[in-house]
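For reference, run-v3.tsv is printed below; it contains TSV, C-alpha atoms.
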```tsv
chain	number	residue	atom	x	y	z
D	1	MET	CA	0.00	0.00	0.00
D	2	PRO	CA	1.42	3.45	-0.93
D	3	GLY	CA	2.81	5.60	1.86
D	4	ALA	CA	1.58	8.98	3.08
D	5	ILE	CA	3.45	10.58	0.17
D	6	TYR	CA	3.62	8.66	-3.09
D	7	ALA	CA	4.75	9.62	-6.58
D	8	GLU	CA	5.14	7.56	-9.70
D	9	GLY	CA	6.75	8.70	-12.95
D	10	LEU	CA	6.48	12.44	-12.33
D	11	VAL	CA	7.54	14.52	-15.32
D	12	LYS	CA	7.60	18.31	-15.48
D	13	THR	CA	9.20	20.38	-18.23
D	14	PHE	CA	9.90	24.08	-18.60
D	15	GLY	CA	10.55	24.73	-22.26
D	16	ASP	CA	13.35	22.41	-23.29
D	17	VAL	CA	14.33	21.61	-19.71
D	18	ARG	CA	13.01	18.49	-17.92
D	19	ALA	CA	12.88	19.62	-14.29
D	20	LEU	CA	11.45	16.23	-13.30
D	21	ASP	CA	12.29	13.23	-15.42
D	22	GLY	CA	10.26	10.28	-14.15
D	23	VAL	CA	10.55	10.74	-10.37
D	24	ASP	CA	9.24	7.95	-8.09
D	25	LEU	CA	8.84	8.47	-4.33
D	26	ASP	CA	7.23	6.52	-1.48
D	27	VAL	CA	7.26	7.89	2.08
D	28	PRO	CA	5.73	5.66	4.79
D	29	GLU	CA	3.51	7.32	7.37
D	30	GLY	CA	5.38	8.78	10.34
D	31	THR	CA	8.79	8.86	8.65
D	32	VAL	CA	11.12	11.45	7.14
D	33	LEU	CA	12.31	11.26	3.54
D	34	GLY	CA	15.34	13.40	2.79
D	35	LEU	CA	15.32	14.63	-0.80
D	36	LEU	CA	18.96	15.42	-1.38
D	37	GLY	CA	20.48	17.21	-4.35
D	38	PRO	CA	22.35	20.26	-5.61
D	39	ASN	CA	20.79	23.52	-6.75
D	40	GLY	CA	18.67	22.91	-9.82
D	41	ALA	CA	18.32	19.16	-9.25
D	42	GLY	CA	14.51	19.23	-9.22
D	43	LYS	CA	13.84	19.15	-5.48
D	44	THR	CA	11.67	22.26	-5.32
D	45	THR	CA	9.76	21.30	-8.46
D	46	ALA	CA	8.92	17.94	-6.88
D	47	VAL	CA	7.68	19.65	-3.71
D	48	ARG	CA	5.53	22.08	-5.71
D	49	VAL	CA	3.92	19.24	-7.65
D	50	LEU	CA	3.21	17.24	-4.49
D	51	THR	CA	1.70	20.28	-2.76
D	52	THR	CA	-0.61	21.08	-5.74
D	53	LEU	CA	1.22	24.29	-6.67
D	54	LEU	CA	2.37	22.87	-10.00
D	55	ARG	CA	0.64	20.46	-12.34
D	56	PRO	CA	2.91	17.68	-13.67
D	57	ASP	CA	3.04	16.95	-17.39
D	58	SER	CA	2.61	13.27	-16.59
D	59	GLY	CA	2.78	10.84	-13.71
D	60	LYS	CA	0.82	10.25	-10.53
D	61	ALA	CA	1.05	11.77	-7.06
D	62	VAL	CA	-0.89	10.82	-3.94
D	63	VAL	CA	-0.61	12.67	-0.61
D	64	ALA	CA	-2.43	11.61	2.57
D	65	GLY	CA	-4.33	9.05	0.50
D	66	MET	CA	-5.63	11.63	-2.01
D	67	ASP	CA	-4.66	12.18	-5.64
D	68	VAL	CA	-3.16	15.66	-5.93
D	69	LEU	CA	-4.70	16.21	-9.37
D	70	GLU	CA	-8.17	14.89	-8.61
D	71	HIS	CA	-8.56	16.27	-5.08
D	72	PRO	CA	-6.24	19.29	-4.72
D	73	ASP	CA	-8.39	21.13	-2.16
D	74	GLU	CA	-8.52	18.11	0.14
D	75	VAL	CA	-4.76	17.63	-0.18
D	76	ARG	CA	-4.15	21.26	0.81
D	77	ARG	CA	-6.18	20.81	3.98
D	78	ALA	CA	-4.02	17.84	4.99
D	79	ILE	CA	-0.56	19.35	4.49
D	80	GLY	CA	1.78	21.99	5.79
D	81	LEU	CA	4.37	23.66	3.58
D	82	SER	CA	7.44	25.70	4.30
D	83	GLY	CA	8.98	26.82	1.01
D	84	GLN	CA	12.48	27.98	0.21
D	85	PHE	CA	11.60	31.61	0.80
D	86	ALA	CA	9.91	33.05	3.87
D	87	ALA	CA	6.32	33.86	2.86
D	88	VAL	CA	5.36	36.27	5.63
D	89	ASP	CA	3.43	39.54	5.49
D	90	GLU	CA	6.00	42.23	6.20
D	91	TYR	CA	3.41	44.72	7.45
D	92	LEU	CA	1.96	42.44	10.11
D	93	THR	CA	3.67	41.62	13.38
D	94	GLY	CA	4.99	38.14	14.01
D	95	ARG	CA	2.00	37.44	16.26
D	96	GLU	CA	-0.47	38.76	13.66
D	97	ASN	CA	1.11	36.63	10.93
D	98	LEU	CA	0.58	33.44	12.92
D	99	GLN	CA	-2.92	34.38	14.04
D	100	MET	CA	-3.83	35.16	10.43
D	101	VAL	CA	-2.69	31.72	9.29
D	102	GLY	CA	-4.72	30.13	12.06
D	103	ARG	CA	-7.83	32.03	11.01
D	104	LEU	CA	-7.25	31.05	7.36
D	105	TYR	CA	-7.32	27.45	8.56
D	106	GLN	CA	-10.68	28.29	10.21
D	107	MET	CA	-9.39	28.13	13.77
D	108	LYS	CA	-11.39	30.14	16.31
D	109	ALA	CA	-9.83	33.48	17.22
D	110	LYS	CA	-8.96	32.43	20.77
D	111	ALA	CA	-7.37	29.16	19.63
D	112	ALA	CA	-5.38	30.96	16.94
D	113	LYS	CA	-4.10	33.44	19.53
D	114	VAL	CA	-3.02	30.67	21.92
D	115	ARG	CA	-1.35	28.69	19.13
D	116	ALA	CA	0.51	31.79	17.91
D	117	ALA	CA	1.90	32.42	21.40
D	118	GLU	CA	3.03	28.79	21.70
D	119	LEU	CA	4.89	28.91	18.38
D	120	LEU	CA	6.48	32.29	19.05
D	121	GLU	CA	7.90	30.85	22.26
D	122	ARG	CA	8.99	27.64	20.56
D	123	PHE	CA	10.90	29.51	17.84
D	124	ASN	CA	12.46	32.10	20.20
D	125	LEU	CA	10.43	34.95	18.70
D	126	SER	CA	8.47	36.03	21.77
D	127	ASP	CA	10.57	39.16	22.31
D	128	ALA	CA	9.87	40.27	18.73
D	129	ALA	CA	6.26	39.06	18.62
D	130	ASP	CA	4.75	42.55	18.37
D	131	ARG	CA	7.23	43.99	15.90
D	132	THR	CA	6.35	44.11	12.20
D	133	ALA	CA	7.98	41.33	10.20
D	134	LYS	CA	9.79	43.83	7.97
D	135	THR	CA	12.03	44.65	10.95
D	136	TYR	CA	13.04	40.97	11.33
D	137	SER	CA	16.40	39.62	10.24
D	138	GLY	CA	16.48	36.99	7.51
D	139	GLY	CA	16.87	34.21	10.05
D	140	MET	CA	13.94	35.51	12.11
D	141	ARG	CA	11.71	35.64	9.05
D	142	ARG	CA	12.69	32.08	8.26
D	143	ARG	CA	11.72	30.93	11.74
D	144	LEU	CA	8.41	32.81	11.52
D	145	ASP	CA	7.66	31.11	8.20
D	146	LEU	CA	8.41	27.70	9.69
D	147	ALA	CA	6.17	28.48	12.65
D	148	ALA	CA	3.36	29.40	10.26
D	149	ALA	CA	3.67	26.01	8.57
D	150	LEU	CA	3.07	24.33	11.94
D	151	VAL	CA	0.04	26.32	13.09
D	152	VAL	CA	-2.39	23.43	12.50
D	153	SER	CA	0.01	20.50	13.08
D	154	PRO	CA	-0.80	18.83	9.73
D	155	PRO	CA	-0.38	15.05	9.28
D	156	VAL	CA	1.88	15.57	6.25
D	157	MET	CA	4.58	18.24	6.08
D	158	PHE	CA	6.80	19.48	3.26
D	159	MET	CA	9.89	21.48	4.16
D	160	ASP	CA	11.95	22.85	1.27
D	161	GLU	CA	15.46	23.57	2.56
D	162	PRO	CA	14.02	24.75	5.91
D	163	THR	CA	17.28	25.58	7.67
D	164	THR	CA	18.81	27.73	4.95
D	165	GLY	CA	19.82	31.01	6.57
D	166	LEU	CA	19.59	29.72	10.14
D	167	ASP	CA	22.55	29.85	12.50
D	168	PRO	CA	23.78	26.55	14.03
D	169	ARG	CA	21.82	27.02	17.27
D	170	ASN	CA	18.52	27.66	15.49
D	171	ARG	CA	19.21	24.83	13.07
D	172	GLN	CA	19.66	22.42	15.96
D	173	GLN	CA	16.46	23.74	17.52
D	174	LEU	CA	14.53	23.12	14.30
D	175	TRP	CA	15.91	19.59	14.13
D	176	GLY	CA	14.48	18.98	17.57
D	177	ILE	CA	11.07	20.30	16.50
D	178	ILE	CA	11.10	18.06	13.41
D	179	GLN	CA	11.93	15.03	15.55
D	180	GLU	CA	9.06	15.87	17.91
D	181	LEU	CA	6.63	16.17	14.98
D	182	VAL	CA	7.65	12.82	13.51
D	183	ALA	CA	7.50	11.13	16.91
D	184	GLY	CA	3.89	12.34	17.07
D	185	GLY	CA	3.07	10.67	13.74
D	186	THR	CA	3.74	13.44	11.19
D	187	THR	CA	5.10	12.37	7.81
D	188	LEU	CA	7.75	14.71	6.40
D	189	LEU	CA	9.38	15.25	3.05
D	190	LEU	CA	12.48	17.35	3.63
D	191	THR	CA	14.63	18.80	0.87
D	192	THR	CA	18.11	19.89	1.82
D	193	GLN	CA	21.63	20.56	0.62
D	194	TYR	CA	22.99	19.98	4.12
D	195	LEU	CA	24.23	16.40	4.12
D	196	GLU	CA	24.55	16.42	7.91
D	197	GLU	CA	20.87	17.35	8.12
D	198	ALA	CA	19.76	14.41	5.98
D	199	ASP	CA	22.04	12.09	7.93
D	200	HIS	CA	20.60	13.30	11.24
D	201	LEU	CA	16.89	13.45	10.42
D	202	ALA	CA	15.95	11.21	7.52
D	203	HIS	CA	14.83	7.60	7.79
D	204	ASP	CA	15.42	7.24	4.05
D	205	ILE	CA	17.21	9.40	1.50
D	206	CYS	CA	16.62	9.94	-2.22
D	207	VAL	CA	19.48	11.53	-4.12
D	208	VAL	CA	18.20	13.63	-7.02
D	209	ASP	CA	20.25	15.05	-9.87
D	210	HIS	CA	19.07	16.56	-13.16
D	211	GLY	CA	15.46	15.68	-12.40
D	212	LYS	CA	16.05	12.00	-11.70
D	213	VAL	CA	16.33	9.89	-8.56
D	214	ILE	CA	19.82	8.43	-8.93
D	215	ALA	CA	19.98	6.57	-5.60
D	216	ARG	CA	17.81	5.78	-2.60
D	217	GLY	CA	18.15	4.01	0.72
D	218	THR	CA	19.03	4.62	4.33
D	219	SER	CA	22.07	6.70	5.18
D	220	ASP	CA	24.04	3.55	6.03
D	221	GLN	CA	22.98	1.81	2.80
D	222	LEU	CA	24.09	4.75	0.69
D	223	LYS	CA	27.38	5.03	2.53
D	224	ALA	CA	28.01	1.32	1.92
D	225	ARG	CA	27.87	2.00	-1.82
D	226	THR	CA	31.07	4.04	-1.65
D	227	GLY	CA	33.02	1.23	0.00
D	228	GLY	CA	33.90	0.48	3.59
D	229	GLU	CA	36.18	2.14	6.08
D	230	ARG	CA	39.37	3.98	5.34
D	231	VAL	CA	42.46	4.89	7.31
D	232	GLU	CA	43.58	8.50	7.14
D	233	VAL	CA	47.07	9.45	8.29
D	234	VAL	CA	48.72	12.86	8.48
D	235	VAL	CA	52.51	12.53	8.75
D	236	HIS	CA	54.54	15.15	10.59
D	237	GLU	CA	57.33	15.40	8.02
D	238	ARG	CA	56.75	15.60	4.27
D	239	GLN	CA	59.82	13.42	3.71
D	240	HIS	CA	58.00	10.51	5.39
D	241	ILE	CA	55.13	10.44	2.87
D	242	THR	CA	56.74	7.83	0.62
D	243	THR	CA	57.53	5.43	3.49
D	244	ALA	CA	54.08	5.92	5.03
D	245	ARG	CA	52.54	5.11	1.66
D	246	GLU	CA	54.44	1.83	1.54
D	247	VAL	CA	53.18	0.95	5.03
D	248	LEU	CA	49.55	1.72	4.17
D	249	ALA	CA	49.77	-0.24	0.92
D	250	GLY	CA	50.45	-3.34	3.00
D	251	PHE	CA	47.15	-2.95	4.85
D	252	GLY	CA	44.93	-1.40	2.21
D	253	LYS	CA	42.20	-2.86	0.02
D	254	GLY	CA	42.75	-0.34	-2.75
D	255	GLU	CA	44.85	2.55	-3.92
D	256	THR	CA	46.41	4.91	-1.37
D	257	THR	CA	45.74	8.55	-2.17
D	258	VAL	CA	48.08	11.33	-1.09
D	259	GLU	CA	47.46	15.04	-0.52
D	260	GLU	CA	50.95	16.50	-0.62
D	261	HIS	CA	50.02	19.95	0.70
D	262	THR	CA	48.33	18.56	3.83
D	263	ARG	CA	50.64	15.49	4.17
D	264	LYS	CA	47.51	13.31	4.40
D	265	LEU	CA	47.35	9.74	3.11
D	266	THR	CA	44.11	7.78	2.76
D	267	VAL	CA	43.60	4.09	2.01
D	268	PRO	CA	40.46	1.90	2.00
D	269	VAL	CA	40.66	-0.92	4.55
D	270	SER	CA	38.68	-3.59	6.35
D	271	GLY	CA	39.37	-4.77	9.87
D	272	GLY	CA	38.23	-1.91	12.06
D	273	ALA	CA	40.02	-0.76	15.20
D	274	LYS	CA	42.24	-3.84	15.37
D	275	LEU	CA	43.74	-3.03	11.99
D	276	LEU	CA	44.18	0.62	12.98
D	277	ALA	CA	46.28	-0.46	15.97
D	278	GLU	CA	48.47	-2.55	13.66
D	279	VAL	CA	48.97	0.40	11.31
D	280	ILE	CA	50.04	2.60	14.21
D	281	ARG	CA	52.55	0.01	15.40
D	282	GLU	CA	54.02	-0.37	11.90
D	283	LEU	CA	54.36	3.37	11.40
D	284	ASP	CA	56.02	3.72	14.80
D	285	GLY	CA	58.37	0.85	13.97
D	286	ARG	CA	59.47	2.68	10.83
D	287	GLY	CA	60.13	5.86	12.82
D	288	ILE	CA	57.34	7.82	11.15
D	289	GLU	CA	55.96	10.58	13.37
D	290	ILE	CA	52.28	11.31	12.78
D	291	ASP	CA	50.13	14.36	13.55
D	292	ASP	CA	46.83	12.56	13.16
D	293	ILE	CA	45.45	9.13	12.38
D	294	GLY	CA	41.94	7.79	12.32
D	295	LEU	CA	39.53	5.20	11.00
D	296	ARG	CA	36.85	6.96	8.97
D	297	ARG	CA	33.52	5.77	7.66
D	298	PRO	CA	32.20	7.19	4.39
D	299	THR	CA	30.09	10.32	4.82
D	300	LEU	CA	27.10	11.43	2.80
D	301	ASP	CA	29.46	13.93	1.18
D	302	ASP	CA	31.47	10.99	-0.12
D	303	VAL	CA	28.26	9.34	-1.32
D	304	PHE	CA	27.10	12.44	-3.13
D	305	ILE	CA	30.40	13.05	-4.85
D	306	SER	CA	30.65	9.40	-5.93
D	307	LEU	CA	27.11	9.50	-7.37
D	308	THR	CA	27.10	12.89	-9.06
D	309	GLY	CA	30.75	13.84	-9.52
D	310	HIS	CA	30.34	17.07	-7.56
D	311	ALA	CA	29.63	18.29	-4.04
D	312	ALA	CA	26.05	18.76	-2.87
D	313	GLU	CA	26.41	22.51	-2.42
D	314	LYS	CA	27.77	23.00	-5.93
D	315	ALA	CA	25.46	25.22	-7.91
D	316	VAL	CA	24.61	23.73	-11.29
D	317	GLU	CA	22.74	25.20	-14.19
D	318	ASP	CA	19.11	25.76	-13.22
D	319	ASN	CA	16.90	23.04	-14.61
D	320	GLY	CA	13.54	24.53	-13.75
D	321	ASP	CA	13.50	24.90	-9.97
D	322	ALA	CA	14.24	28.57	-10.32
D	323	GLN	CA	11.72	28.93	-13.10
D	324	ALA	CA	9.12	27.22	-10.95
D	325	ALA	CA	9.70	29.36	-7.86
D	326	PRO	CA	6.89	31.88	-7.32
D	327	GLY	CA	7.34	35.48	-6.39
D	328	ALA	CA	6.47	36.77	-2.94
D	329	LYS	CA	2.88	37.52	-3.93
D	330	GLY	CA	2.53	34.08	-5.43
D	331	ARG	CA	3.84	32.42	-2.28
D	332	LYS	CA	1.40	34.33	-0.08
D	333	ALA	CA	-1.48	33.54	-2.41
D	334	ALA	CA	-0.48	29.87	-2.40
D	335	ARG	CA	-0.47	29.82	1.40
D	336	LYS	CA	-3.91	31.40	1.52
D	337	GLU	CA	-5.16	28.98	-1.11
D	338	ALA	CA	-3.71	26.04	0.84
D	339	ALA	CA	-5.61	27.16	3.92
D	340	LYS	CA	-8.99	27.10	2.23
```
Show me, as C-alpha cells, the structure contained in the file I just sent.
Amino acid sequence: MPGAIYAEGLVKTFGDVRALDGVDLDVPEGTVLGLLGPNGAGKTTAVRVLTTLLRPDSGKAVVAGMDVLEHPDEVRRAIGLSGQFAAVDEYLTGRENLQMVGRLYQMKAKAAKVRAAELLERFNLSDAADRTAKTYSGGMRRRLDLAAALVVSPPVMFMDEPTTGLDPRNRQQLWGIIQELVAGGTTLLLTTQYLEEADHLAHDICVVDHGKVIARGTSDQLKARTGGERVEVVVHERQHITTAREVLAGFGKGETTVEEHTRKLTVPVSGGAKLLAEVIRELDGRGIEIDDIGLRRPTLDDVFISLTGHAAEKAVEDNGDAQAAPGAKGRKAARKEAAK
C-alpha cells in the first residue's frame, strides 16, 4: 500500500528543460524522507507538484491518500508547507502573521491566539512578537515562516530547505522540532543541501540530480555504496610520505591517495580498530611521526560526490527549480489557497 506521500513517474518540463524526469517516491507514514540534491536538481519542483502548486506533465502523485490532481483542495487541507523563501506579510507583526494563518485554517480566534503564542515561544520569537515582520532579520523571518507552517500540526509536512539562513543554534532547535513532529506521527518530506541534516533526520534518503532519482536508501545503505572504512594518516614530516605510503599499501584494500600539501594519506581498509592499531605500530616501527590518524567511515558527502561527480552545495545550471519558484505575492497567495 502506498505511503503517506507517493509519486510515480512524475515529469515536469519548462521549455526544453526536464525539471522532473520520471521521479518515483514513497514515504511511509510517520517517517522522514530526505530529498537530497544540488541547486537545480529538481527538489523544489517535486515539492511544488506534491503540494498542488504545479501540475505535472505526466505521472501520478498521492498525498495523505488523495490524488493531488483529482482532489487538490482536500490535499491542501491535509498538508503543511514551508517553502524555500519566507512567505510572511512584512506589514503584520509576528504574532499577527501566525494568528492570520490560524484564522485562514478556520481556527477560532482564541485558539489561533493561543497557538501563535506557543509557536512564538517555541521559535524564540516572543521578544519580537509585536514587531512588524519587515524589521526581522532573515533568520527571524525564516523561523516565523516555519512556525506558520506548523500552526495546524498537519499530518503531512513538506519542508523545502528549511534551515537555509539559520545559524547553528537555530538549526539544531529546528531539528528537535522536526523530531518531535515525527515522533507524534507526522510524515515529512524534507529537501536539503545539508548532508549532515539528511544524515541526522531522515529515515530514508533519495538523491536527485538533473530531475532523476539516482539513488535511494538509508544513510548507512548509501554510505556502503562508496566502499567500507578507510584509514587517514597525516605525517609530521613531508619526507616521510613515501615510506608511510608503503606501510599503508600493506594494509589497504585499494589505492592509497596522497594530498601533498596537507601530508595526508588515505587508504580503503577492512578490519576496524584492530587493523588501525596494527597500522600505528608499523608506522612507529618505521620511525614515522604522525600528527593525526583515524579510521573513517564514508560520509554522505562521499556518497554524493561518488554519485554525481560534484559536491552537494555546488550550484549547477538551473533546470527549472528557479523557473518554478513563485514570487512573494505568489507564495502568499499559495499559502492562503492552501488554507482554504
Query raised in the report: If we count all atoms listed in the file, what is near Arg95 in chain D at a cut-off of 12 Å, once residues fewer than 5 positions away on the same chain are taken out, given as a PyMOL selection string?
Result: chain D and resi 88-90+100-102+112-121+125-133+144-145+147-148+151
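Atom pair CA of Trp175 in chain D / CA of Val27 in chain D has a distance of 18.9 Å (rounded to one decimal).
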Query - Length of the CA of Glu232 in chain D to CA of Thr218 in chain D vector [Å] - result: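 Result for CA of Glu232 in chain D versus CA of Thr218 in chain D: 25.0 Å, one decimal.
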Considering all atoms listed in the file, tabulate each residue of range 140-241 of chain D that lies at most 6 Å from range 30-43 of chain D along with its nearest interatomic pair and the corresponding distance in Å to one decimal; arrange the rows by chain and ascending residue number and present them as a tab-separated table.
```
residue	atom	partner	partner_atom	distance
D:Val182	CA	D:Gly30	CA	5.6
D:Gly185	CA	D:Gly30	CA	4.5
D:Thr186	CA	D:Gly30	CA	5.0
D:Thr187	CA	D:Gly30	CA	4.4
D:Leu188	CA	D:Val32	CA	4.7
D:Leu189	CA	D:Leu33	CA	5.0
D:Leu190	CA	D:Gly34	CA	4.9
D:Thr191	CA	D:Leu35	CA	4.5
D:Thr192	CA	D:Leu36	CA	5.6
D:Ala198	CA	D:Gly34	CA	5.5
D:Ala202	CA	D:Val32	CA	4.9
D:His203	CA	D:Val32	CA	5.4
D:Asp204	CA	D:Leu33	CA	5.1
D:Ile205	CA	D:Gly34	CA	4.6
D:Cys206	CA	D:Leu35	CA	5.1
D:Val207	CA	D:Leu36	CA	4.8
D:Val208	CA	D:Gly37	CA	5.0
D:Asp209	CA	D:Ala41	CA	4.6
D:His210	CA	D:Ala41	CA	4.8
D:Gly211	CA	D:Gly42	CA	4.9
```
Query - Shell around Asp220 in chain D at 10 Å using all atoms listed in the file, local window under 6 positions removed, as number ranges by chain - result: D: 199, 204, 297-300
**Report entry** Distance criterion (all atoms listed in the file): nearest to Arg103 in chain D out of D:Ser137, D:Val152, D:Gly252, D:Arg76
**Finding:**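 Using all atoms listed in the file, Arg103 in chain D sits closest to D:Val152.
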Query - Proximity to Asp292 in chain D - best of D:Ala78, D:Leu10, D:Val269, D:Val231, all atoms listed in the file - result: D:Val231
